[in-house]
Amino acid sequence: MTTSHGTGPLRLGIAGLGTVGAGVIKIIQRRADLLAARSGREIQVVAISARNRDKDRGVRLSGYDWEDDPIALARRDDIDLFVELMGGSDGPAKVATETAIATGKDVVTANKAMLALHGQALATAAEEAGVALRFEAAVAGGIPVVKALTEGLAGNEVQRVMGVMNGTCNYILTRMESAGLPYDEVFEEA
């Protein structure tokens with residue numbers, strides 16, 4: 001994984017500034033010292049991209065370069081890690097992720113749809129390029145299950161993991177039980 005070998009700042013390009021993307025930037029801004037202490041490197045957002053440049057996201061964005069095109073963001077030489085938070089199984093999210101991998105950048109994504117349809121191909125491309133594709137935020141509502149299984153339990157022979165591992169499903173099942181509501185009604189709420 002290329003990001004673990006550097007000693008300078010870890011330079012991020014973030015594509016997608018919805019709830020998750022804006023939240024990531026807020027955390028990086030508010031907890032920069034803690035993140036640097038825990039990771040051993042400064043985490044630095046270099047450039048960002050989203051559909052609408054003028055939307056108020058409740059976070060300061062003026063210190064970052066803006067790319068109108070997420071694919072151009074993925075190509076930038078001044079980022080080490082491409083963070084894909086746009087969503088969508090195809091289109092710009094997929095092409096930008098493929099571009100980042102092809103240009104030697106590690107990728108972090110929370111994109112369930114893209115991983116469901118193209119995860120194997122993206123993982124293979126990342127492995128061939130010698131970069132990391134991390135997606136824990138897209139699995140089990142962000143519960144750190146992927147890292148625990150692949151690293152912490154690597155010596156075990158885990159055959160199967162069962163359970164409801166989707167925040168929406170958890171919400172639906174909880175509301176059905178606690179409020180005694182029918183599935184169709186709770187589904188519409190969700």
# chains A, B, ... in the order shown; residues from 1 in each chain; ligands from 1

call {"tool": "residues_around", "arguments": {"residues": "segment 68-79 of chain A", "least_positions_apart": "5", "cutoff": "7 Å", "atoms": "only C-alpha atoms", "output": "ChimeraX atom specification"}}
result
/A:11-13,15,46,49-50,92,95-96,99-100,103

call {"tool": "write_last_selection", "arguments": {"atoms": "all heavy atoms", "output": "short mmCIF file (atom, residue, chain, number, x, y, z; two decimals), in the first residue's frame"}}
result
data_model
loop_
_atom_site.label_atom_id
_atom_site.label_comp_id
_atom_site.auth_asym_id
_atom_site.auth_seq_id
_atom_site.Cartn_x
_atom_site.Cartn_y
_atom_site.Cartn_z
N ARG A 11 -1.75 13.25 1.31
CA ARG A 11 -2.49 14.26 0.55
C ARG A 11 -3.73 13.64 -0.09
O ARG A 11 -3.62 12.74 -0.91
CB ARG A 11 -1.58 14.87 -0.51
CG ARG A 11 -0.29 15.46 0.10
CD ARG A 11 0.74 15.79 -0.95
NE ARG A 11 1.04 14.61 -1.76
CZ ARG A 11 1.75 14.63 -2.90
NH1 ARG A 11 2.23 15.77 -3.34
NH2 ARG A 11 1.98 13.53 -3.56
N LEU A 12 -4.89 14.15 0.29
CA LEU A 12 -6.17 13.60 -0.14
C LEU A 12 -6.82 14.43 -1.23
O LEU A 12 -6.76 15.66 -1.21
CB LEU A 12 -7.16 13.55 1.03
CG LEU A 12 -7.11 12.39 2.00
CD1 LEU A 12 -5.76 12.22 2.63
CD2 LEU A 12 -8.17 12.56 3.06
N GLY A 13 -7.48 13.73 -2.14
CA GLY A 13 -8.41 14.33 -3.08
C GLY A 13 -9.76 13.71 -2.77
O GLY A 13 -9.90 12.48 -2.80
N ALA A 15 -13.72 13.35 -3.66
CA ALA A 15 -14.76 13.53 -4.68
C ALA A 15 -16.10 13.18 -4.05
O ALA A 15 -16.32 12.06 -3.62
CB ALA A 15 -14.48 12.63 -5.88
N VAL A 46 -6.08 18.23 -0.24
CA VAL A 46 -5.46 19.08 -1.25
C VAL A 46 -6.51 19.63 -2.20
O VAL A 46 -6.52 20.81 -2.53
CB VAL A 46 -4.38 18.30 -2.04
CG1 VAL A 46 -3.87 19.09 -3.23
CG2 VAL A 46 -3.24 17.90 -1.11
N SER A 49 -13.94 17.81 -5.20
CA SER A 49 -14.79 17.86 -6.38
C SER A 49 -16.21 17.49 -5.99
O SER A 49 -16.42 16.62 -5.14
CB SER A 49 -14.27 16.86 -7.44
OG SER A 49 -15.10 16.88 -8.58
N ALA A 50 -17.16 18.17 -6.59
CA ALA A 50 -18.57 17.85 -6.40
C ALA A 50 -19.35 18.44 -7.58
O ALA A 50 -18.81 19.21 -8.37
CB ALA A 50 -19.09 18.42 -5.08
N PRO A 92 -19.21 8.71 -13.32
CA PRO A 92 -18.01 9.38 -12.80
C PRO A 92 -17.36 8.66 -11.62
O PRO A 92 -16.13 8.63 -11.52
CB PRO A 92 -18.52 10.75 -12.37
CG PRO A 92 -19.78 10.96 -13.13
CD PRO A 92 -20.36 9.60 -13.37
N VAL A 95 -15.38 5.61 -13.11
CA VAL A 95 -14.28 6.04 -13.97
C VAL A 95 -13.20 6.75 -13.15
O VAL A 95 -12.01 6.52 -13.34
CB VAL A 95 -14.78 6.93 -15.12
CG1 VAL A 95 -13.62 7.47 -15.95
CG2 VAL A 95 -15.75 6.15 -16.01
N ALA A 96 -13.60 7.60 -12.21
CA ALA A 96 -12.62 8.30 -11.38
C ALA A 96 -11.85 7.31 -10.51
O ALA A 96 -10.63 7.44 -10.34
CB ALA A 96 -13.31 9.35 -10.52
N THR A 99 -9.43 5.51 -12.69
CA THR A 99 -8.35 6.43 -13.05
C THR A 99 -7.36 6.58 -11.91
O THR A 99 -6.14 6.55 -12.12
CB THR A 99 -8.93 7.80 -13.44
OG1 THR A 99 -9.81 7.62 -14.56
CG2 THR A 99 -7.84 8.80 -13.80
N ALA A 100 -7.86 6.73 -10.69
CA ALA A 100 -6.98 6.85 -9.53
C ALA A 100 -6.09 5.61 -9.40
O ALA A 100 -4.88 5.73 -9.21
CB ALA A 100 -7.79 7.08 -8.26
N THR A 103 -3.43 5.44 -12.06
CA THR A 103 -2.36 6.43 -11.90
C THR A 103 -1.59 6.25 -10.59
O THR A 103 -0.87 7.15 -10.16
CB THR A 103 -2.90 7.87 -12.02
OG1 THR A 103 -3.94 8.07 -11.07
CG2 THR A 103 -3.43 8.14 -13.42
#

call {"tool": "residues_around", "arguments": {"residues": "Gly119 of chain A", "least_positions_apart": "3", "cutoff": "12 Å", "atoms": "only C-alpha atoms", "output": "PDB file with N, CA, C and O atoms, in the first residue's frame"}}
result
ATOM      1  N   SER A  89     -23.238   3.449  -9.129  1.00  0.00           N
ATOM      2  CA  SER A  89     -22.485   2.251  -9.488  1.00  0.00           C
ATOM      3  C   SER A  89     -21.583   2.439 -10.699  1.00  0.00           C
ATOM      4  O   SER A  89     -20.597   1.737 -10.846  1.00  0.00           O
ATOM      5  N   ASP A  90     -21.917   3.371 -11.547  1.00  0.00           N
ATOM      6  CA  ASP A  90     -21.154   3.568 -12.783  1.00  0.00           C
ATOM      7  C   ASP A  90     -20.854   5.051 -12.940  1.00  0.00           C
ATOM      8  O   ASP A  90     -20.867   5.793 -11.972  1.00  0.00           O
ATOM      9  N   LYS A  94     -17.168   5.430 -10.892  1.00  0.00           N
ATOM     10  CA  LYS A  94     -16.401   4.268 -11.357  1.00  0.00           C
ATOM     11  C   LYS A  94     -15.186   4.700 -12.178  1.00  0.00           C
ATOM     12  O   LYS A  94     -14.074   4.227 -11.943  1.00  0.00           O
ATOM     13  N   THR A  97     -12.529   6.312  -9.967  1.00  0.00           N
ATOM     14  CA  THR A  97     -11.860   5.301  -9.153  1.00  0.00           C
ATOM     15  C   THR A  97     -10.875   4.505  -9.998  1.00  0.00           C
ATOM     16  O   THR A  97      -9.727   4.278  -9.583  1.00  0.00           O
ATOM     17  N   GLU A  98     -11.296   4.090 -11.170  1.00  0.00           N
ATOM     18  CA  GLU A  98     -10.401   3.362 -12.077  1.00  0.00           C
ATOM     19  C   GLU A  98      -9.189   4.223 -12.453  1.00  0.00           C
ATOM     20  O   GLU A  98      -8.062   3.728 -12.518  1.00  0.00           O
ATOM     21  N   THR A 109     -13.335   4.262  -0.542  1.00  0.00           N
ATOM     22  CA  THR A 109     -14.688   4.533  -1.005  1.00  0.00           C
ATOM     23  C   THR A 109     -15.710   4.031  -0.003  1.00  0.00           C
ATOM     24  O   THR A 109     -15.463   3.075   0.720  1.00  0.00           O
ATOM     25  N   ALA A 110     -16.857   4.697   0.013  1.00  0.00           N
ATOM     26  CA  ALA A 110     -18.004   4.247   0.803  1.00  0.00           C
ATOM     27  C   ALA A 110     -19.137   3.858  -0.130  1.00  0.00           C
ATOM     28  O   ALA A 110     -20.288   3.782   0.273  1.00  0.00           O
ATOM     29  N   ASN A 111     -18.816   3.592  -1.388  1.00  0.00           N
ATOM     30  CA  ASN A 111     -19.801   3.396  -2.449  1.00  0.00           C
ATOM     31  C   ASN A 111     -20.234   1.928  -2.560  1.00  0.00           C
ATOM     32  O   ASN A 111     -19.619   1.134  -3.264  1.00  0.00           O
ATOM     33  N   LYS A 112     -21.322   1.599  -1.885  1.00  0.00           N
ATOM     34  CA  LYS A 112     -21.840   0.227  -1.904  1.00  0.00           C
ATOM     35  C   LYS A 112     -22.229  -0.233  -3.304  1.00  0.00           C
ATOM     36  O   LYS A 112     -21.947  -1.358  -3.700  1.00  0.00           O
ATOM     37  N   ALA A 113     -22.916   0.628  -4.039  1.00  0.00           N
ATOM     38  CA  ALA A 113     -23.408   0.242  -5.368  1.00  0.00           C
ATOM     39  C   ALA A 113     -22.255  -0.088  -6.306  1.00  0.00           C
ATOM     40  O   ALA A 113     -22.281  -1.109  -7.003  1.00  0.00           O
ATOM     41  N   MET A 114     -21.246   0.748  -6.332  1.00  0.00           N
ATOM     42  CA  MET A 114     -20.100   0.510  -7.210  1.00  0.00           C
ATOM     43  C   MET A 114     -19.373  -0.776  -6.814  1.00  0.00           C
ATOM     44  O   MET A 114     -18.999  -1.575  -7.666  1.00  0.00           O
ATOM     45  N   LEU A 115     -19.192  -0.981  -5.521  1.00  0.00           N
ATOM     46  CA  LEU A 115     -18.505  -2.187  -5.073  1.00  0.00           C
ATOM     47  C   LEU A 115     -19.308  -3.444  -5.365  1.00  0.00           C
ATOM     48  O   LEU A 115     -18.742  -4.483  -5.701  1.00  0.00           O
ATOM     49  N   ALA A 116     -20.623  -3.358  -5.234  1.00  0.00           N
ATOM     50  CA  ALA A 116     -21.465  -4.524  -5.501  1.00  0.00           C
ATOM     51  C   ALA A 116     -21.333  -4.972  -6.951  1.00  0.00           C
ATOM     52  O   ALA A 116     -21.266  -6.171  -7.240  1.00  0.00           O
ATOM     53  N   LEU A 122     -12.322  -3.885  -9.568  1.00  0.00           N
ATOM     54  CA  LEU A 122     -11.546  -2.795  -8.969  1.00  0.00           C
ATOM     55  C   LEU A 122     -10.466  -3.345  -8.047  1.00  0.00           C
ATOM     56  O   LEU A 122      -9.332  -2.847  -8.045  1.00  0.00           O
ATOM     57  N   ALA A 123     -10.794  -4.364  -7.272  1.00  0.00           N
ATOM     58  CA  ALA A 123      -9.806  -4.972  -6.373  1.00  0.00           C
ATOM     59  C   ALA A 123      -8.665  -5.591  -7.168  1.00  0.00           C
ATOM     60  O   ALA A 123      -7.494  -5.466  -6.793  1.00  0.00           O
ATOM     61  N   THR A 124      -8.995  -6.250  -8.260  1.00  0.00           N
ATOM     62  CA  THR A 124      -7.968  -6.850  -9.115  1.00  0.00           C
ATOM     63  C   THR A 124      -7.074  -5.776  -9.717  1.00  0.00           C
ATOM     64  O   THR A 124      -5.847  -5.905  -9.720  1.00  0.00           O
ATOM     65  N   ALA A 125      -7.691  -4.694 -10.205  1.00  0.00           N
ATOM     66  CA  ALA A 125      -6.909  -3.593 -10.783  1.00  0.00           C
ATOM     67  C   ALA A 125      -5.994  -2.970  -9.726  1.00  0.00           C
ATOM     68  O   ALA A 125      -4.832  -2.667 -10.006  1.00  0.00           O
ATOM     69  N   ALA A 126      -6.510  -2.793  -8.522  1.00  0.00           N
ATOM     70  CA  ALA A 126      -5.707  -2.214  -7.442  1.00  0.00           C
ATOM     71  C   ALA A 126      -4.525  -3.125  -7.105  1.00  0.00           C
ATOM     72  O   ALA A 126      -3.398  -2.652  -6.921  1.00  0.00           O
ATOM     73  N   LEU A 133      -7.189  -0.575  -2.162  1.00  0.00           N
ATOM     74  CA  LEU A 133      -8.587  -0.198  -2.330  1.00  0.00           C
ATOM     75  C   LEU A 133      -9.251  -0.514  -0.998  1.00  0.00           C
ATOM     76  O   LEU A 133      -9.403  -1.677  -0.628  1.00  0.00           O
ATOM     77  N   ARG A 134      -9.617   0.513  -0.257  1.00  0.00           N
ATOM     78  CA  ARG A 134     -10.235   0.343   1.055  1.00  0.00           C
ATOM     79  C   ARG A 134     -11.697   0.742   0.971  1.00  0.00           C
ATOM     80  O   ARG A 134     -12.029   1.759   0.369  1.00  0.00           O
ATOM     81  N   PHE A 135     -12.540  -0.053   1.623  1.00  0.00           N
ATOM     82  CA  PHE A 135     -13.980   0.151   1.474  1.00  0.00           C
ATOM     83  C   PHE A 135     -14.757  -0.160   2.738  1.00  0.00           C
ATOM     84  O   PHE A 135     -15.963  -0.390   2.695  1.00  0.00           O
ATOM     85  N   ALA A 138     -18.185   1.178   3.443  1.00  0.00           N
ATOM     86  CA  ALA A 138     -19.300   0.715   2.627  1.00  0.00           C
ATOM     87  C   ALA A 138     -19.887  -0.601   3.131  1.00  0.00           C
ATOM     88  O   ALA A 138     -20.850  -1.108   2.584  1.00  0.00           O
TER      89      ALA A 138
END

call {"tool": "select_by_dssp", "arguments": {"residues": "chain A", "states": "helix (DSSP H, G or I)", "output": "count of residues only"}}
result
94

call {"tool": "closest_residue", "arguments": {"among": "A:Gly91, A:Gly40, A:Gly58, A:Gly180", "to": "Gly21 of chain A", "atoms": "only C-alpha atoms"}}
result
A:Gly58

call {"tool": "residues_around", "arguments": {"residues": "segment 188-190 of chain A", "least_positions_apart": "2", "cutoff": "9 Å", "atoms": "only C-alpha atoms", "output": "compact mmCIF listing (two decimals) with all heavy atoms, in the first residue's frame"}}
result
# COMPACT_ATOMS: atom_id res chain seq x y z
N THR A 168 -29.79 0.68 7.09
CA THR A 168 -31.20 0.82 6.70
C THR A 168 -32.00 -0.38 7.18
O THR A 168 -33.10 -0.22 7.71
CB THR A 168 -31.33 1.00 5.18
OG1 THR A 168 -30.52 2.11 4.78
CG2 THR A 168 -32.77 1.24 4.77
N CYS A 169 -31.45 -1.57 6.99
CA CYS A 169 -32.15 -2.77 7.47
C CYS A 169 -32.30 -2.73 8.99
O CYS A 169 -33.36 -3.08 9.52
CB CYS A 169 -31.40 -4.03 7.06
SG CYS A 169 -31.50 -4.39 5.32
N TYR A 171 -32.52 -0.11 10.87
CA TYR A 171 -33.55 0.88 11.16
C TYR A 171 -34.94 0.28 10.95
O TYR A 171 -35.82 0.39 11.81
CB TYR A 171 -33.37 2.12 10.27
CG TYR A 171 -34.51 3.11 10.41
CD1 TYR A 171 -34.51 4.03 11.45
CD2 TYR A 171 -35.58 3.10 9.52
CE1 TYR A 171 -35.55 4.92 11.61
CE2 TYR A 171 -36.63 3.99 9.66
CZ TYR A 171 -36.61 4.90 10.71
OH TYR A 171 -37.65 5.78 10.85
N ILE A 172 -35.13 -0.37 9.81
CA ILE A 172 -36.44 -0.95 9.48
C ILE A 172 -36.84 -2.00 10.52
O ILE A 172 -37.96 -1.97 11.06
CB ILE A 172 -36.43 -1.56 8.06
CG1 ILE A 172 -36.38 -0.43 7.02
CG2 ILE A 172 -37.65 -2.45 7.83
CD1 ILE A 172 -36.14 -0.90 5.60
N TYR A 183 -44.02 -3.50 7.61
CA TYR A 183 -42.82 -3.30 6.79
C TYR A 183 -43.01 -2.17 5.79
O TYR A 183 -42.14 -1.29 5.66
CB TYR A 183 -42.46 -4.60 6.07
CG TYR A 183 -41.37 -4.41 5.04
CD1 TYR A 183 -40.03 -4.35 5.43
CD2 TYR A 183 -41.68 -4.27 3.69
CE1 TYR A 183 -39.03 -4.16 4.50
CE2 TYR A 183 -40.67 -4.07 2.75
CZ TYR A 183 -39.35 -4.01 3.16
OH TYR A 183 -38.36 -3.81 2.24
N ASP A 184 -44.11 -2.17 5.04
CA ASP A 184 -44.32 -1.19 3.97
C ASP A 184 -44.26 0.23 4.52
O ASP A 184 -43.66 1.13 3.89
CB ASP A 184 -45.67 -1.41 3.27
CG ASP A 184 -45.67 -2.67 2.43
OD1 ASP A 184 -44.58 -3.20 2.12
OD2 ASP A 184 -46.77 -3.13 2.08
N GLU A 185 -44.83 0.46 5.68
CA GLU A 185 -44.83 1.80 6.26
C GLU A 185 -43.41 2.22 6.69
O GLU A 185 -42.97 3.34 6.43
CB GLU A 185 -45.78 1.85 7.47
CG GLU A 185 -45.97 3.23 8.04
CD GLU A 185 -47.00 3.25 9.17
OE1 GLU A 185 -47.93 2.41 9.17
OE2 GLU A 185 -46.84 4.10 10.06
N VAL A 186 -42.72 1.31 7.35
CA VAL A 186 -41.36 1.63 7.79
C VAL A 186 -40.41 1.76 6.61
O VAL A 186 -39.52 2.61 6.62
CB VAL A 186 -40.86 0.56 8.80
CG1 VAL A 186 -39.44 0.86 9.25
CG2 VAL A 186 -41.79 0.48 10.01

call {"tool": "residues_around", "arguments": {"residues": "Gly8 of chain A", "least_positions_apart": "2", "cutoff": "9 Å", "atoms": "only C-alpha atoms", "output": "list in words"}}
result
Gly6, Leu10, Arg11, Arg41 and Glu42 of chain A

call {"tool": "atom_distance", "arguments": {"atom1": "atom CA of Asp65 of chain A", "atom2": "atom CA of Leu35 of chain A"}}
result
21.5 Å

call {"tool": "select_by_dssp", "arguments": {"residues": "segment 3-189 of chain A", "states": "strand (DSSP E or B)", "output": "ChimeraX atom specification"}}
result
/A:10-15,43-49,65-66,81-84,106-109,133-134

call {"tool": "residues_around", "arguments": {"residues": "Gly130 of chain A", "least_positions_apart": "4", "cutoff": "10 Å", "atoms": "only C-alpha atoms", "output": "number ranges by chain"}}
result
A: 1-2, 101-102, 104-106, 124-126

call {"tool": "decode", "arguments": {"residues": "segment 32-83 of chain A", "atoms": "C-alpha atoms", "output": "compact mmCIF listing (two decimals), in the first residue's frame"}}
result
# COMPACT_ATOMS: atom_id res chain seq x y z
CA ALA A 32 -6.07 17.28 12.52
CA ASP A 33 -3.69 16.93 15.46
CA LEU A 34 -5.29 13.72 16.73
CA LEU A 35 -5.35 12.17 13.24
CA ALA A 36 -1.69 13.05 12.71
CA ALA A 37 -0.73 11.59 16.08
CA ARG A 38 -2.61 8.35 15.44
CA SER A 39 -1.52 7.88 11.84
CA GLY A 40 2.02 9.16 12.18
CA ARG A 41 1.45 11.66 9.35
CA GLU A 42 -0.39 14.88 8.76
CA ILE A 43 -3.65 14.29 6.84
CA GLN A 44 -4.04 17.07 4.29
CA VAL A 45 -6.97 17.68 1.94
CA VAL A 46 -5.46 19.08 -1.25
CA ALA A 47 -8.36 19.15 -3.70
CA ILE A 48 -12.08 18.46 -3.82
CA SER A 49 -14.79 17.86 -6.38
CA ALA A 50 -18.57 17.85 -6.40
CA ARG A 51 -21.43 18.56 -8.78
CA ASN A 52 -22.24 21.98 -7.33
CA ARG A 53 -19.43 24.33 -6.38
CA ASP A 54 -21.72 26.94 -4.78
CA LYS A 55 -23.75 24.77 -2.40
CA ASP A 56 -23.38 25.55 1.31
CA ARG A 57 -22.18 22.37 2.99
CA GLY A 58 -21.63 23.84 6.45
CA VAL A 59 -17.87 23.41 6.21
CA ARG A 60 -15.05 25.71 5.08
CA LEU A 61 -13.84 24.67 1.62
CA SER A 62 -11.91 27.77 0.53
CA GLY A 63 -8.50 26.30 1.33
CA TYR A 64 -8.78 23.46 -1.17
CA ASP A 65 -8.29 23.36 -4.92
CA TRP A 66 -11.55 22.72 -6.77
CA GLU A 67 -11.90 20.30 -9.67
CA ASP A 68 -15.16 20.37 -11.60
CA ASP A 69 -14.36 16.90 -12.95
CA PRO A 70 -13.74 14.07 -10.45
CA ILE A 71 -11.71 12.23 -13.09
CA ALA A 72 -9.33 15.21 -13.29
CA LEU A 73 -9.14 15.09 -9.49
CA ALA A 74 -8.19 11.40 -9.64
CA ARG A 75 -5.39 12.19 -12.12
CA ARG A 76 -3.75 14.92 -10.03
CA ASP A 77 -0.09 14.34 -9.22
CA ASP A 78 -0.36 16.17 -5.91
CA ILE A 79 -2.69 13.66 -4.23
CA ASP A 80 -1.71 10.30 -2.74
CA LEU A 81 -5.16 9.07 -1.80
CA PHE A 82 -8.39 9.41 -3.78
CA VAL A 83 -11.48 9.40 -1.57
